[in-house]
file protein-v9.cif (mmCIF, C-alpha atoms)
data_target
loop_
_atom_site.label_atom_id
_atom_site.label_comp_id
_atom_site.auth_asym_id
_atom_site.auth_seq_id
_atom_site.Cartn_x
_atom_site.Cartn_y
_atom_site.Cartn_z
CA MET V 1 25.09 -21.68 -30.79
CA THR V 2 22.73 -18.87 -30.17
CA SER V 3 22.82 -17.68 -26.60
CA SER V 4 19.96 -18.48 -24.28
CA PRO V 5 19.08 -17.16 -20.84
CA ARG V 6 17.64 -20.49 -19.85
CA THR V 7 19.30 -22.71 -17.32
CA GLU V 8 21.27 -25.47 -18.97
CA ALA V 9 19.46 -28.80 -18.96
CA ARG V 10 22.37 -31.20 -18.67
CA PRO V 11 21.58 -34.86 -19.30
CA ARG V 12 22.79 -35.90 -15.84
CA ALA V 13 21.78 -39.13 -14.21
CA SER V 14 23.04 -40.46 -10.93
CA GLY V 15 23.37 -44.09 -10.07
CA ARG V 16 19.94 -43.90 -8.47
CA ARG V 17 18.33 -42.20 -11.42
CA LEU V 18 18.81 -43.70 -14.84
CA LEU V 19 16.68 -41.09 -16.61
CA PRO V 20 17.57 -37.37 -16.73
CA ALA V 21 15.88 -35.09 -14.21
CA ASP V 22 14.66 -32.58 -16.80
CA PRO V 23 11.08 -33.64 -17.73
CA LEU V 24 11.38 -32.59 -21.36
CA LEU V 25 14.64 -34.42 -21.92
CA ARG V 26 13.33 -37.43 -20.00
CA ARG V 27 10.36 -37.62 -22.35
CA LEU V 28 12.66 -37.33 -25.38
CA VAL V 29 14.85 -40.14 -24.03
CA LEU V 30 11.82 -42.40 -23.57
CA MET V 31 10.66 -41.59 -27.09
CA GLY V 32 14.08 -42.41 -28.50
CA LEU V 33 14.25 -45.67 -26.58
CA VAL V 34 10.83 -46.87 -27.73
CA ASN V 35 11.51 -45.87 -31.32
CA SER V 36 14.94 -47.53 -31.45
CA VAL V 37 13.69 -50.81 -29.95
CA GLY V 38 11.11 -50.93 -32.74
CA ASP V 39 13.77 -50.11 -35.33
CA GLY V 40 15.94 -52.91 -33.99
CA LEU V 41 13.10 -55.38 -34.34
CA PHE V 42 12.38 -54.36 -37.93
CA VAL V 43 15.90 -53.92 -39.28
CA THR V 44 16.98 -57.31 -37.97
CA VAL V 45 14.27 -59.27 -39.78
CA ASN V 46 13.23 -57.13 -42.75
CA VAL V 47 15.50 -58.59 -45.43
CA LEU V 48 14.69 -62.18 -44.49
CA PHE V 49 10.98 -61.33 -44.35
CA PHE V 50 11.10 -59.78 -47.81
CA THR V 51 12.93 -62.77 -49.31
CA ARG V 52 11.56 -65.76 -47.40
CA SER V 53 7.98 -64.67 -46.67
CA ILE V 54 7.12 -62.29 -49.51
CA GLY V 55 9.17 -64.24 -52.05
CA LEU V 56 11.32 -61.43 -53.47
CA THR V 57 14.83 -62.18 -54.71
CA PRO V 58 17.81 -60.65 -52.86
CA THR V 59 18.61 -58.58 -55.95
CA SER V 60 15.10 -57.13 -56.15
CA VAL V 61 15.15 -56.33 -52.43
CA ALA V 62 18.48 -54.53 -52.80
CA LEU V 63 17.18 -52.60 -55.81
CA GLY V 64 13.95 -51.64 -54.06
CA LEU V 65 15.75 -50.47 -50.93
CA THR V 66 18.18 -48.44 -53.04
CA VAL V 67 15.32 -46.69 -54.83
CA ALA V 68 13.68 -46.05 -51.46
CA GLY V 69 16.94 -44.64 -50.12
CA VAL V 70 17.13 -42.18 -53.01
CA CYS V 71 13.56 -41.08 -52.27
CA GLY V 72 14.56 -40.57 -48.65
CA VAL V 73 17.37 -38.22 -49.65
CA PHE V 74 14.82 -35.74 -51.00
CA ALA V 75 12.42 -35.96 -48.04
CA GLY V 76 14.27 -33.83 -45.49
CA VAL V 77 13.91 -30.35 -46.99
CA PRO V 78 10.17 -30.36 -47.81
CA MET V 79 9.34 -32.02 -44.48
CA GLY V 80 11.57 -29.55 -42.67
CA ARG V 81 9.92 -26.59 -44.39
CA LEU V 82 6.50 -27.97 -43.50
CA ALA V 83 7.64 -28.28 -39.87
CA ASP V 84 8.71 -24.61 -39.92
CA ARG V 85 5.18 -23.70 -41.03
CA VAL V 86 2.95 -25.93 -38.94
CA GLY V 87 5.20 -26.85 -36.02
CA SER V 88 7.49 -29.84 -35.51
CA LYS V 89 5.41 -31.50 -32.81
CA ARG V 90 2.16 -31.13 -34.74
CA LEU V 91 3.70 -32.64 -37.86
CA LEU V 92 5.24 -35.58 -36.00
CA LEU V 93 1.87 -36.39 -34.42
CA VAL V 94 0.65 -37.08 -37.96
CA VAL V 95 3.79 -38.75 -39.30
CA GLY V 96 4.05 -41.30 -36.46
CA PRO V 97 0.77 -43.12 -37.23
CA LEU V 98 1.61 -42.98 -40.96
CA GLU V 99 4.92 -44.72 -40.26
CA ALA V 100 3.06 -47.38 -38.28
CA ALA V 101 0.68 -47.94 -41.20
CA ALA V 102 3.58 -48.18 -43.65
CA VAL V 103 5.31 -50.87 -41.59
CA LEU V 104 2.11 -52.89 -41.29
CA GLY V 105 1.63 -52.51 -45.03
CA TYR V 106 4.61 -54.81 -45.69
CA ALA V 107 2.50 -57.71 -44.41
CA PHE V 108 0.17 -57.25 -47.40
CA VAL V 109 2.82 -56.86 -50.11
CA HIS V 110 2.95 -59.63 -52.71
CA SER V 111 4.72 -58.04 -55.69
CA PHE V 112 7.94 -56.18 -56.43
CA ALA V 113 6.10 -53.07 -57.61
CA ALA V 114 4.05 -52.84 -54.41
CA PHE V 115 7.21 -53.41 -52.38
CA VAL V 116 9.05 -50.53 -54.07
CA VAL V 117 6.12 -48.13 -53.65
CA LEU V 118 5.69 -48.98 -49.98
CA ALA V 119 9.44 -48.92 -49.29
CA CYS V 120 9.68 -45.47 -50.88
CA ALA V 121 6.77 -44.21 -48.78
CA ALA V 122 8.15 -45.68 -45.56
CA THR V 123 11.68 -44.36 -46.18
CA THR V 124 10.42 -40.91 -47.13
CA LEU V 125 8.44 -40.74 -43.88
CA ALA V 126 11.39 -42.03 -41.84
CA ARG V 127 13.94 -39.60 -43.33
CA GLY V 128 11.54 -36.69 -43.11
CA ALA V 129 10.65 -37.54 -39.52
CA ALA V 130 14.35 -37.60 -38.60
CA ALA V 131 14.77 -34.04 -39.87
CA VAL V 132 11.64 -32.85 -38.07
CA ARG V 133 12.72 -34.51 -34.80
CA SER V 134 16.09 -32.81 -35.09
CA ALA V 135 14.36 -29.45 -35.55
CA LEU V 136 12.09 -30.17 -32.58
CA ILE V 137 15.10 -30.89 -30.37
CA ALA V 138 16.88 -27.77 -31.64
CA ARG V 139 13.93 -25.60 -30.63
CA ALA V 140 12.83 -27.39 -27.48
CA LEU V 141 16.10 -27.81 -25.58
CA PRO V 142 18.31 -25.05 -24.17
CA ALA V 143 21.15 -24.18 -26.53
CA GLU V 144 23.87 -24.81 -23.97
CA GLY V 145 22.91 -28.43 -23.35
CA GLN V 146 21.88 -29.57 -26.80
CA VAL V 147 25.03 -31.41 -27.85
CA ARG V 148 25.25 -33.38 -24.60
CA ALA V 149 21.52 -34.07 -24.78
CA ARG V 150 21.83 -35.37 -28.34
CA ALA V 151 24.76 -37.51 -27.23
CA LEU V 152 22.60 -39.01 -24.49
CA LEU V 153 19.79 -39.63 -26.97
CA ARG V 154 22.19 -41.37 -29.36
CA SER V 155 23.52 -43.59 -26.58
CA VAL V 156 19.98 -44.55 -25.58
CA MET V 157 18.98 -45.20 -29.18
CA ASN V 158 21.94 -47.53 -29.72
CA ALA V 159 21.01 -49.39 -26.55
CA GLY V 160 17.45 -49.69 -27.85
CA LEU V 161 18.69 -51.08 -31.17
CA VAL V 162 20.62 -53.77 -29.30
CA VAL V 163 17.53 -54.68 -27.27
CA GLY V 164 15.34 -54.77 -30.38
CA SER V 165 17.85 -56.87 -32.31
CA GLY V 166 18.03 -59.31 -29.42
CA GLY V 167 14.26 -59.63 -29.34
CA ALA V 168 14.13 -60.18 -33.09
CA ALA V 169 16.46 -63.17 -32.70
CA LEU V 170 13.40 -65.16 -31.61
CA ALA V 171 11.70 -64.43 -34.91
CA LEU V 172 14.85 -65.35 -36.81
CA GLN V 173 15.00 -68.64 -34.96
CA ALA V 174 11.36 -69.42 -35.77
CA ASP V 175 11.82 -68.29 -39.39
CA SER V 176 8.07 -68.16 -39.97
CA TYR V 177 5.68 -65.69 -41.55
CA THR V 178 3.85 -65.31 -38.23
CA GLY V 179 7.06 -64.53 -36.38
CA TYR V 180 8.17 -61.92 -38.90
CA VAL V 181 4.75 -60.24 -38.99
CA THR V 182 4.78 -60.13 -35.19
CA MET V 183 7.98 -58.05 -35.42
CA LEU V 184 6.26 -55.72 -37.89
CA VAL V 185 3.32 -55.29 -35.54
CA LEU V 186 5.60 -54.55 -32.59
CA ASP V 187 7.49 -51.99 -34.68
CA ALA V 188 4.19 -50.32 -35.61
CA VAL V 189 3.21 -50.28 -31.93
CA SER V 190 6.49 -48.55 -31.16
CA PHE V 191 5.61 -45.74 -33.59
CA LEU V 192 2.24 -45.33 -31.91
CA GLY V 193 3.91 -45.38 -28.49
CA VAL V 194 6.28 -42.61 -29.54
CA THR V 195 3.30 -40.61 -30.78
CA VAL V 196 1.57 -40.95 -27.40
CA LEU V 197 4.74 -39.83 -25.61
CA LEU V 198 5.12 -36.94 -28.05
CA ALA V 199 1.58 -35.75 -27.35
CA GLY V 200 2.58 -35.16 -23.73
CA LEU V 201 5.90 -33.49 -24.56
CA PRO V 202 6.06 -30.30 -22.43
CA VAL V 203 7.13 -27.80 -25.09
CA SER V 204 4.88 -24.85 -24.20
CA ALA V 205 7.16 -23.52 -21.47
CA THR V 206 10.15 -23.87 -23.76
CA ALA V 207 8.38 -21.92 -26.44
CA ALA V 208 7.78 -19.08 -24.02
CA ALA V 209 11.43 -19.14 -23.00
CA ALA V 210 12.47 -18.99 -26.64
CA ALA V 211 10.29 -15.95 -27.15
CA SER V 212 11.88 -14.34 -24.08
CA ALA V 213 15.32 -15.14 -25.47
CA THR V 214 14.39 -13.38 -28.69
CA GLY V 215 13.50 -10.23 -26.84
CA ALA V 216 16.60 -10.44 -24.67
CA THR V 217 19.12 -10.98 -27.44
CA GLY V 218 17.53 -9.21 -30.39
CA GLY V 219 19.30 -5.98 -31.31
CA THR V 220 19.43 -3.77 -34.39
CA GLY V 221 21.14 -6.51 -36.39
CA ALA V 222 18.58 -9.07 -35.31
CA ALA V 223 15.75 -6.71 -36.23
CA ALA V 224 17.26 -6.28 -39.67
CA GLU V 225 17.45 -10.07 -40.04
CA ASP V 226 13.80 -10.36 -38.99
CA ARG V 227 12.74 -7.85 -41.63
CA ARG V 228 14.58 -9.83 -44.28
CA GLY V 229 13.08 -13.08 -43.02
CA PRO V 230 14.89 -16.35 -42.32
CA ARG V 231 17.75 -17.50 -44.54
CA THR V 232 17.14 -20.27 -47.05
CA ALA V 233 19.24 -23.35 -46.44
CA LEU V 234 19.47 -24.28 -50.12
CA ARG V 235 21.09 -20.88 -50.82
CA ASP V 236 23.38 -20.92 -47.80
CA ARG V 237 26.61 -21.91 -49.54
CA ARG V 238 28.65 -22.42 -46.40
CA TYR V 239 25.98 -24.61 -44.84
CA LEU V 240 25.74 -26.69 -48.02
CA LEU V 241 29.53 -27.09 -48.13
CA VAL V 242 29.70 -28.14 -44.48
CA THR V 243 26.81 -30.55 -45.06
CA ALA V 244 28.60 -32.12 -48.03
CA LEU V 245 31.92 -32.48 -46.19
CA HIS V 246 30.27 -33.98 -43.12
CA ALA V 247 28.41 -36.36 -45.45
CA VAL V 248 31.83 -37.60 -46.58
CA LEU V 249 32.61 -38.42 -42.95
CA GLU V 250 29.25 -40.23 -42.75
CA LEU V 251 30.64 -42.78 -45.22
CA GLN V 252 32.04 -44.39 -42.09
CA LEU V 253 28.65 -46.04 -41.54
CA ALA V 254 28.95 -47.95 -44.83
CA VAL V 255 32.50 -48.89 -43.88
CA LEU V 256 31.21 -50.44 -40.66
CA THR V 257 28.02 -52.07 -41.92
CA VAL V 258 28.95 -53.10 -45.49
CA GLY V 259 32.65 -52.83 -46.22
CA LEU V 260 33.99 -54.37 -43.03
CA PRO V 261 31.79 -57.52 -42.97
CA LEU V 262 32.65 -58.23 -46.63
CA TRP V 263 36.31 -57.50 -46.00
CA ILE V 264 36.45 -59.83 -43.00
CA VAL V 265 34.93 -62.72 -44.95
CA LEU V 266 36.54 -62.15 -48.37
CA GLY V 267 39.82 -60.39 -47.71
CA THR V 268 41.20 -61.69 -44.40
CA ARG V 269 41.81 -64.96 -42.58
CA ALA V 270 39.84 -63.77 -39.55
CA PRO V 271 36.91 -65.96 -38.48
CA ALA V 272 33.45 -64.84 -39.62
CA ALA V 273 32.46 -64.34 -35.98
CA THR V 274 34.73 -61.28 -36.01
CA VAL V 275 31.88 -59.44 -37.78
CA ALA V 276 29.71 -59.75 -34.67
CA ALA V 277 32.62 -58.83 -32.40
CA VAL V 278 33.25 -55.64 -34.35
CA ASN V 279 29.58 -54.66 -34.07
CA VAL V 280 29.65 -55.27 -30.33
CA VAL V 281 32.73 -53.06 -29.94
CA ASN V 282 31.05 -50.24 -31.85
CA CYS V 283 27.72 -50.48 -30.01
CA VAL V 284 29.34 -50.62 -26.56
CA LEU V 285 31.56 -47.62 -27.24
CA VAL V 286 28.70 -45.52 -28.59
CA VAL V 287 26.43 -46.37 -25.66
CA ALA V 288 29.15 -45.85 -23.05
CA PHE V 289 31.14 -42.89 -24.38
CA GLN V 290 29.02 -40.75 -26.74
CA VAL V 291 28.11 -38.31 -23.94
CA ARG V 292 31.73 -38.08 -22.81
CA ALA V 293 32.91 -37.51 -26.39
CA SER V 294 30.60 -34.50 -26.65
CA ARG V 295 32.32 -32.66 -23.81
CA GLY V 296 34.18 -29.61 -25.02
CA VAL V 297 32.14 -29.36 -28.21
CA ALA V 298 30.42 -26.06 -27.50
CA ASP V 299 30.69 -23.89 -30.62
CA VAL V 300 31.52 -23.99 -34.31
CA ALA V 301 35.29 -23.88 -33.79
CA SER V 302 35.38 -26.74 -31.28
CA ALA V 303 32.93 -28.74 -33.40
CA ALA V 304 35.16 -28.38 -36.46
CA ARG V 305 38.18 -29.49 -34.43
CA ALA V 306 36.25 -32.52 -33.17
CA CYS V 307 35.34 -33.45 -36.75
CA ALA V 308 38.95 -33.02 -37.87
CA ARG V 309 40.24 -35.26 -35.07
CA GLY V 310 37.48 -37.76 -35.75
CA ALA V 311 38.35 -37.79 -39.46
CA LEU V 312 41.97 -38.66 -38.66
CA LEU V 313 40.79 -41.49 -36.42
CA LEU V 314 38.51 -42.79 -39.18
CA ALA V 315 41.49 -42.69 -41.56
CA GLY V 316 43.60 -44.52 -39.00
CA GLY V 317 40.93 -47.17 -38.63
CA CYS V 318 40.95 -47.77 -42.38
CA LEU V 319 44.72 -48.22 -42.37
CA VAL V 320 44.47 -50.76 -39.55
CA TYR V 321 41.76 -52.62 -41.48
CA ALA V 322 44.16 -52.81 -44.44
CA VAL V 323 46.82 -54.45 -42.29
CA ALA V 324 44.36 -57.24 -41.42
CA GLN V 325 44.87 -58.64 -44.92
CA TYR V 326 48.23 -59.99 -43.84
CA GLY V 327 49.05 -62.53 -41.16
CA PRO V 328 47.28 -65.48 -39.55
CA ALA V 329 43.69 -65.56 -38.33
CA TRP V 330 44.42 -64.42 -34.77
CA ALA V 331 46.49 -61.46 -35.96
CA ALA V 332 43.85 -60.44 -38.51
CA ALA V 333 41.09 -60.62 -35.91
CA GLY V 334 43.15 -58.55 -33.49
CA ALA V 335 43.87 -55.90 -36.12
CA LEU V 336 40.20 -55.71 -37.06
CA LEU V 337 39.14 -55.20 -33.45
CA VAL V 338 41.77 -52.49 -32.95
CA GLY V 339 40.62 -50.85 -36.18
CA ALA V 340 37.01 -50.99 -34.99
CA LEU V 341 38.03 -49.32 -31.73
CA VAL V 342 39.82 -46.48 -33.53
CA HIS V 343 36.97 -46.19 -36.04
CA SER V 344 34.36 -45.97 -33.28
CA LEU V 345 36.26 -43.21 -31.49
CA GLY V 346 36.31 -41.27 -34.75
CA GLU V 347 32.58 -41.83 -35.16
CA LEU V 348 31.92 -40.45 -31.67
CA LEU V 349 33.82 -37.22 -32.41
CA THR V 350 32.41 -36.63 -35.89
CA SER V 351 28.88 -37.18 -34.60
CA ALA V 352 29.29 -34.69 -31.75
CA GLY V 353 30.87 -32.13 -34.06
CA GLY V 354 28.23 -32.61 -36.73
CA TRP V 355 25.35 -31.93 -34.33
CA THR V 356 26.86 -28.60 -33.29
CA LEU V 357 27.65 -27.54 -36.85
CA SER V 358 24.16 -28.43 -38.07
CA LEU V 359 22.64 -26.27 -35.31
CA ASP V 360 25.05 -23.34 -34.96
CA LEU V 361 25.36 -22.62 -38.67
CA ALA V 362 21.58 -22.69 -39.17
CA ASP V 363 19.09 -19.86 -38.98
CA PRO V 364 17.04 -20.83 -35.89
CA ARG V 365 13.90 -19.41 -37.52
CA ALA V 366 14.21 -22.11 -40.20
CA HIS V 367 15.55 -25.04 -38.20
CA GLY V 368 13.24 -27.44 -40.02
CA GLU V 369 14.63 -26.62 -43.45
CA TYR V 370 18.25 -26.48 -42.26
CA GLN V 371 18.02 -29.78 -40.42
CA GLY V 372 16.32 -31.21 -43.48
CA VAL V 373 19.30 -30.23 -45.62
CA PHE V 374 21.80 -31.67 -43.15
CA MET V 375 19.85 -34.90 -42.79
CA SER V 376 19.56 -35.18 -46.57
CA GLY V 377 23.34 -35.00 -46.79
CA GLN V 378 23.61 -37.87 -44.33
CA ALA V 379 20.95 -39.84 -46.21
CA ALA V 380 22.84 -39.37 -49.49
CA ALA V 381 26.01 -40.70 -47.84
CA HIS V 382 24.11 -43.74 -46.59
CA VAL V 383 22.77 -44.41 -50.10
CA ILE V 384 26.05 -44.11 -52.02
CA GLY V 385 28.25 -45.36 -49.17
CA PRO V 386 27.93 -49.10 -49.92
CA LEU V 387 28.92 -48.50 -53.55
CA VAL V 388 31.89 -46.29 -52.60
CA VAL V 389 33.20 -48.76 -50.04
CA THR V 390 32.71 -51.72 -52.36
CA LEU V 391 34.53 -50.05 -55.27
CA THR V 392 37.47 -49.18 -53.03
CA ALA V 393 38.15 -51.43 -50.05
CA VAL V 394 36.22 -54.55 -51.07
CA ASP V 395 37.35 -54.61 -54.72
CA HIS V 396 40.95 -53.40 -54.28
CA GLY V 397 41.92 -54.63 -50.85
CA ALA V 398 44.61 -52.78 -48.91
CA VAL V 399 45.03 -50.16 -51.65
CA GLY V 400 41.33 -49.38 -51.49
CA TRP V 401 41.50 -48.97 -47.70
CA VAL V 402 44.36 -46.52 -48.14
CA VAL V 403 42.24 -44.53 -50.62
CA LEU V 404 39.36 -44.41 -48.13
CA ALA V 405 41.78 -43.32 -45.41
CA GLY V 406 42.91 -40.47 -47.66
CA VAL V 407 39.32 -39.38 -48.28
CA PHE V 408 38.61 -39.16 -44.55
CA ALA V 409 41.93 -37.47 -43.79
CA LEU V 410 41.26 -34.74 -46.37
CA ALA V 411 37.60 -34.20 -45.46
CA GLY V 412 38.38 -33.23 -41.86
CA PRO V 413 40.72 -30.27 -42.58
CA ALA V 414 38.49 -29.21 -45.47
CA LEU V 415 35.53 -28.99 -43.11
CA THR V 416 37.58 -26.96 -40.63
CA ALA V 417 38.55 -24.55 -43.41
CA ALA V 418 34.93 -24.25 -44.52
CA VAL V 419 33.76 -22.92 -41.15
CA ARG V 420 36.82 -20.78 -40.35
CA GLY V 421 36.94 -17.02 -40.65
CA LYS V 422 33.26 -16.16 -40.34
CA ALA V 423 31.02 -16.13 -37.30
CA PRO V 424 28.01 -18.42 -37.44
CA GLY V 425 25.19 -16.73 -39.26
CA ALA V 426 22.53 -17.65 -36.74
CA ALA V 427 20.01 -14.88 -36.54
CA ALA V 428 17.94 -14.38 -33.44
CA PRO V 429 14.82 -16.54 -33.44
CA GLY V 430 11.85 -14.76 -34.89
CA PRO V 431 8.29 -14.87 -33.68
CA ALA V 432 7.33 -17.35 -36.39
CA VAL V 433 9.06 -20.25 -34.61
CA ARG V 434 6.55 -23.06 -34.08
CA LEU V 435 7.13 -25.94 -31.69
CA GLY V 436 3.88 -27.77 -31.84
#
call {"tool": "encode", "arguments": {"input": "protein-v9.cif", "output": "structure tokens"}}
result
Amino acid sequence: MTSSPRTEARPRASGRRLLPADPLLRRLVLMGLVNSVGDGLFVTVNVLFFTRSIGLTPTSVALGLTVAGVCGVFAGVPMGRLADRVGSKRLLLVVGPLEAAAVLGYAFVHSFAAFVVLACAATTLARGAAAVRSALIARALPAEGQVRARALLRSVMNAGLVVGSGGAALALQADSYTGYVTMLVLDAVSFLGVTVLLAGLPVSATAAAAASATGATGGTGAAAEDRRGPRTALRDRRYLLVTALHAVLELQLAVLTVGLPLWIVLGTRAPAATVAAVNVVNCVLVVAFQVRASRGVADVASAARACARGALLLAGGCLVYAVAQYGPAWAAAGALLVGALVHSLGELLTSAGGWTLSLDLADPRAHGEYQGVFMSGQAAAHVIGPLVVTLTAVDHGAVGWVVLAGVFALAGPALTAAVRGKAPGAAAPGPAVRLG
């Protein structure tokens, strides 16, 4: 990461203080918590709302969400570039209310065409906002504490998803139009709540510190970079390669959310309740250990090593999943839980490594565009992931799991090789950096 003279803002919290002491990070944590609770409410009920209340078929919902996912892939770069021009905070203050309106719009959808249009708009806003938020964090927090801070934010967000999903269980139990729409309204309120919290985000002092850091670290080389202007992410071959290889590791999400549930039900003798148990294992580990997993990930080299170790763990998890095909129900369930444990540990490491790579290999004067590219890579993995996992593990059983394990095992060393041998090309931040 680029050096910074600022004091490191570690996401520390004692037993008496659940929120971090740093006011900026505390505000970011609250924003993440509110946003993730709303996401948990919506994600838990959306498919049933679309099918049971709007009247769409499951196939049409799947098709519409796939089209929306493809639209989301292309949202990160233009939104990131816009954030570089107008400021991340200023852009998010506009996007938040638009996201709220999009969610409420689902209550007025009565046709497949309207559903697809609205889903595309909502997904484009969501994916773009994710890239802009990442750029905001990259510029607002001290460089030395960013990975640990992002780990804390991810832990809080997963906790919020659990809370939101639990609250949505009431709507699922009622199974009524009114109950589902209530969840939509609460999700929209969460977007507005995040916007209110964002308006009070204390970024002005951080902006001044960033300007001071520019003067303190900028030398002849930095001045030359400034004259040339910021690098362009879409022409940064190494960044694109790292993004693509980390996107391969992001296929683990589809393994967990699509491949594993289908595998448990169709390919093993394990009880269906194992699906819920696996999700609990993953959520608990992420909430409890994401911050700890980020320790030691401080630069490009350590981030690449973390990704490589995480990739081997993901591969190991796939091999354990394959073993679950054989044996009685209790043995299959045990193997699946062990596999989920190994998988989750790999997810923790690849996430921590990916954050550092996405930041340290970027030009800090164009964080919006660079984070947009990296987020687009993740979005692409999330779109094609269900198909990849289905064509391998679900359709071909143990052999397919071995193939997936090989993909993960190769992606880790390839990513390490991609970042080796050249110092991160992060130029000193220029005066054009805009926070809000």
call {"tool": "resolve_selection", "arguments": {"input": "protein-v9.cif", "expression": "the PyMOL selection byres ((chain V and resi 420) around 12)", "output": "PyMOL selection string"}}
result
chain V and resi 238+242+299-305+357+361+413-419+421-424
call {"tool": "residues_around", "arguments": {"input": "protein-v9.cif", "residues": "Ala62 in chain V", "least_positions_apart": "2", "cutoff": "12 Å", "atoms": "only C-alpha atoms", "output": "PDB file with C-alpha atoms, keeping the file's coordinate frame"}}
result
ATOM      1  CA  ASN V  46      13.230 -57.130 -42.750  1.00  0.00           C
ATOM      2  CA  VAL V  47      15.500 -58.590 -45.430  1.00  0.00           C
ATOM      3  CA  LEU V  48      14.690 -62.180 -44.490  1.00  0.00           C
ATOM      4  CA  PHE V  50      11.100 -59.780 -47.810  1.00  0.00           C
ATOM      5  CA  THR V  51      12.930 -62.770 -49.310  1.00  0.00           C
ATOM      6  CA  LEU V  56      11.320 -61.430 -53.470  1.00  0.00           C
ATOM      7  CA  THR V  57      14.830 -62.180 -54.710  1.00  0.00           C
ATOM      8  CA  PRO V  58      17.810 -60.650 -52.860  1.00  0.00           C
ATOM      9  CA  THR V  59      18.610 -58.580 -55.950  1.00  0.00           C
ATOM     10  CA  SER V  60      15.100 -57.130 -56.150  1.00  0.00           C
ATOM     11  CA  GLY V  64      13.950 -51.640 -54.060  1.00  0.00           C
ATOM     12  CA  LEU V  65      15.750 -50.470 -50.930  1.00  0.00           C
ATOM     13  CA  THR V  66      18.180 -48.440 -53.040  1.00  0.00           C
ATOM     14  CA  VAL V  67      15.320 -46.690 -54.830  1.00  0.00           C
ATOM     15  CA  ALA V  68      13.680 -46.050 -51.460  1.00  0.00           C
ATOM     16  CA  GLY V  69      16.940 -44.640 -50.120  1.00  0.00           C
ATOM     17  CA  PHE V 112       7.940 -56.180 -56.430  1.00  0.00           C
ATOM     18  CA  PHE V 115       7.210 -53.410 -52.380  1.00  0.00           C
ATOM     19  CA  VAL V 116       9.050 -50.530 -54.070  1.00  0.00           C
ATOM     20  CA  ALA V 119       9.440 -48.920 -49.290  1.00  0.00           C
ATOM     21  CA  VAL V 383      22.770 -44.410 -50.100  1.00  0.00           C
ATOM     22  CA  PRO V 386      27.930 -49.100 -49.920  1.00  0.00           C
TER      23      PRO V 386
END
call {"tool": "closest_residue", "arguments": {"input": "protein-v9.cif", "among": "V:Ala298, V:Val103, V:Leu313, V:Leu136", "to": "Phe408 in chain V", "atoms": "all atoms listed in the file"}}
result
V:Leu313
call {"tool": "closest_residue", "arguments": {"input": "protein-v9.cif", "among": "V:Leu28, V:Leu92, V:Val37, V:Ala100", "to": "Ala122 in chain V", "atoms": "all atoms listed in the file"}}
result
V:Ala100
call {"tool": "resolve_selection", "arguments": {"input": "protein-v9.cif", "expression": "the PyMOL selection byres ((chain V and resi 175-187) around 10)", "output": "PyMOL selection string"}}
result
chain V and resi 34-46+48-50+52-54+99-107+164+167-174+188-193
call {"tool": "resolve_selection", "arguments": {"input": "protein-v9.cif", "expression": "the PyMOL selection byres ((chain V and resi 377) around 9)", "output": "list of chain:residue names"}}
result
V:Val73, V:Leu240, V:Thr243, V:Ala244, V:Leu245, V:His246, V:Ala247, V:Val248, V:Glu250, V:Gly372, V:Val373, V:Phe374, V:Met375, V:Ser376, V:Gln378, V:Ala379, V:Ala380, V:Ala381, V:His382
call {"tool": "write_last_selection", "arguments": {"input": "protein-v9.cif", "atoms": "C-alpha atoms", "output": "PDB file, keeping the file's coordinate frame"}}
result
ATOM      1  CA  VAL V  73      17.370 -38.220 -49.650  1.00  0.00           C
ATOM      2  CA  LEU V 240      25.740 -26.690 -48.020  1.00  0.00           C
ATOM      3  CA  THR V 243      26.810 -30.550 -45.060  1.00  0.00           C
ATOM      4  CA  ALA V 244      28.600 -32.120 -48.030  1.00  0.00           C
ATOM      5  CA  LEU V 245      31.920 -32.480 -46.190  1.00  0.00           C
ATOM      6  CA  HIS V 246      30.270 -33.980 -43.120  1.00  0.00           C
ATOM      7  CA  ALA V 247      28.410 -36.360 -45.450  1.00  0.00           C
ATOM      8  CA  VAL V 248      31.830 -37.600 -46.580  1.00  0.00           C
ATOM      9  CA  GLU V 250      29.250 -40.230 -42.750  1.00  0.00           C
ATOM     10  CA  GLY V 372      16.320 -31.210 -43.480  1.00  0.00           C
ATOM     11  CA  VAL V 373      19.300 -30.230 -45.620  1.00  0.00           C
ATOM     12  CA  PHE V 374      21.800 -31.670 -43.150  1.00  0.00           C
ATOM     13  CA  MET V 375      19.850 -34.900 -42.790  1.00  0.00           C
ATOM     14  CA  SER V 376      19.560 -35.180 -46.570  1.00  0.00           C
ATOM     15  CA  GLN V 378      23.610 -37.870 -44.330  1.00  0.00           C
ATOM     16  CA  ALA V 379      20.950 -39.840 -46.210  1.00  0.00           C
ATOM     17  CA  ALA V 380      22.840 -39.370 -49.490  1.00  0.00           C
ATOM     18  CA  ALA V 381      26.010 -40.700 -47.840  1.00  0.00           C
ATOM     19  CA  HIS V 382      24.110 -43.740 -46.590  1.00  0.00           C
TER      20      HIS V 382
END
call {"tool": "residues_around", "arguments": {"input": "protein-v9.cif", "residues": "Thr350 in chain V", "least_positions_apart": "4", "cutoff": "10 Å", "atoms": "all atoms listed in the file", "output": "PyMOL selection string"}}
result
chain V and resi 246+249-250+252+293-294+303-311+313-314+344-346+354-355+412
call {"tool": "atom_distance", "arguments": {"input": "protein-v9.cif", "atom1": "CA of Cys71 in chain V", "atom2": "CA of Val117 in chain V"}}
result
10.3 Å
call {"tool": "residues_around", "arguments": {"input": "protein-v9.cif", "residues": "range 255-258 of chain V", "least_positions_apart": "5", "cutoff": "12 Å", "atoms": "all atoms listed in the file", "output": "count of residues only"}}
result
48
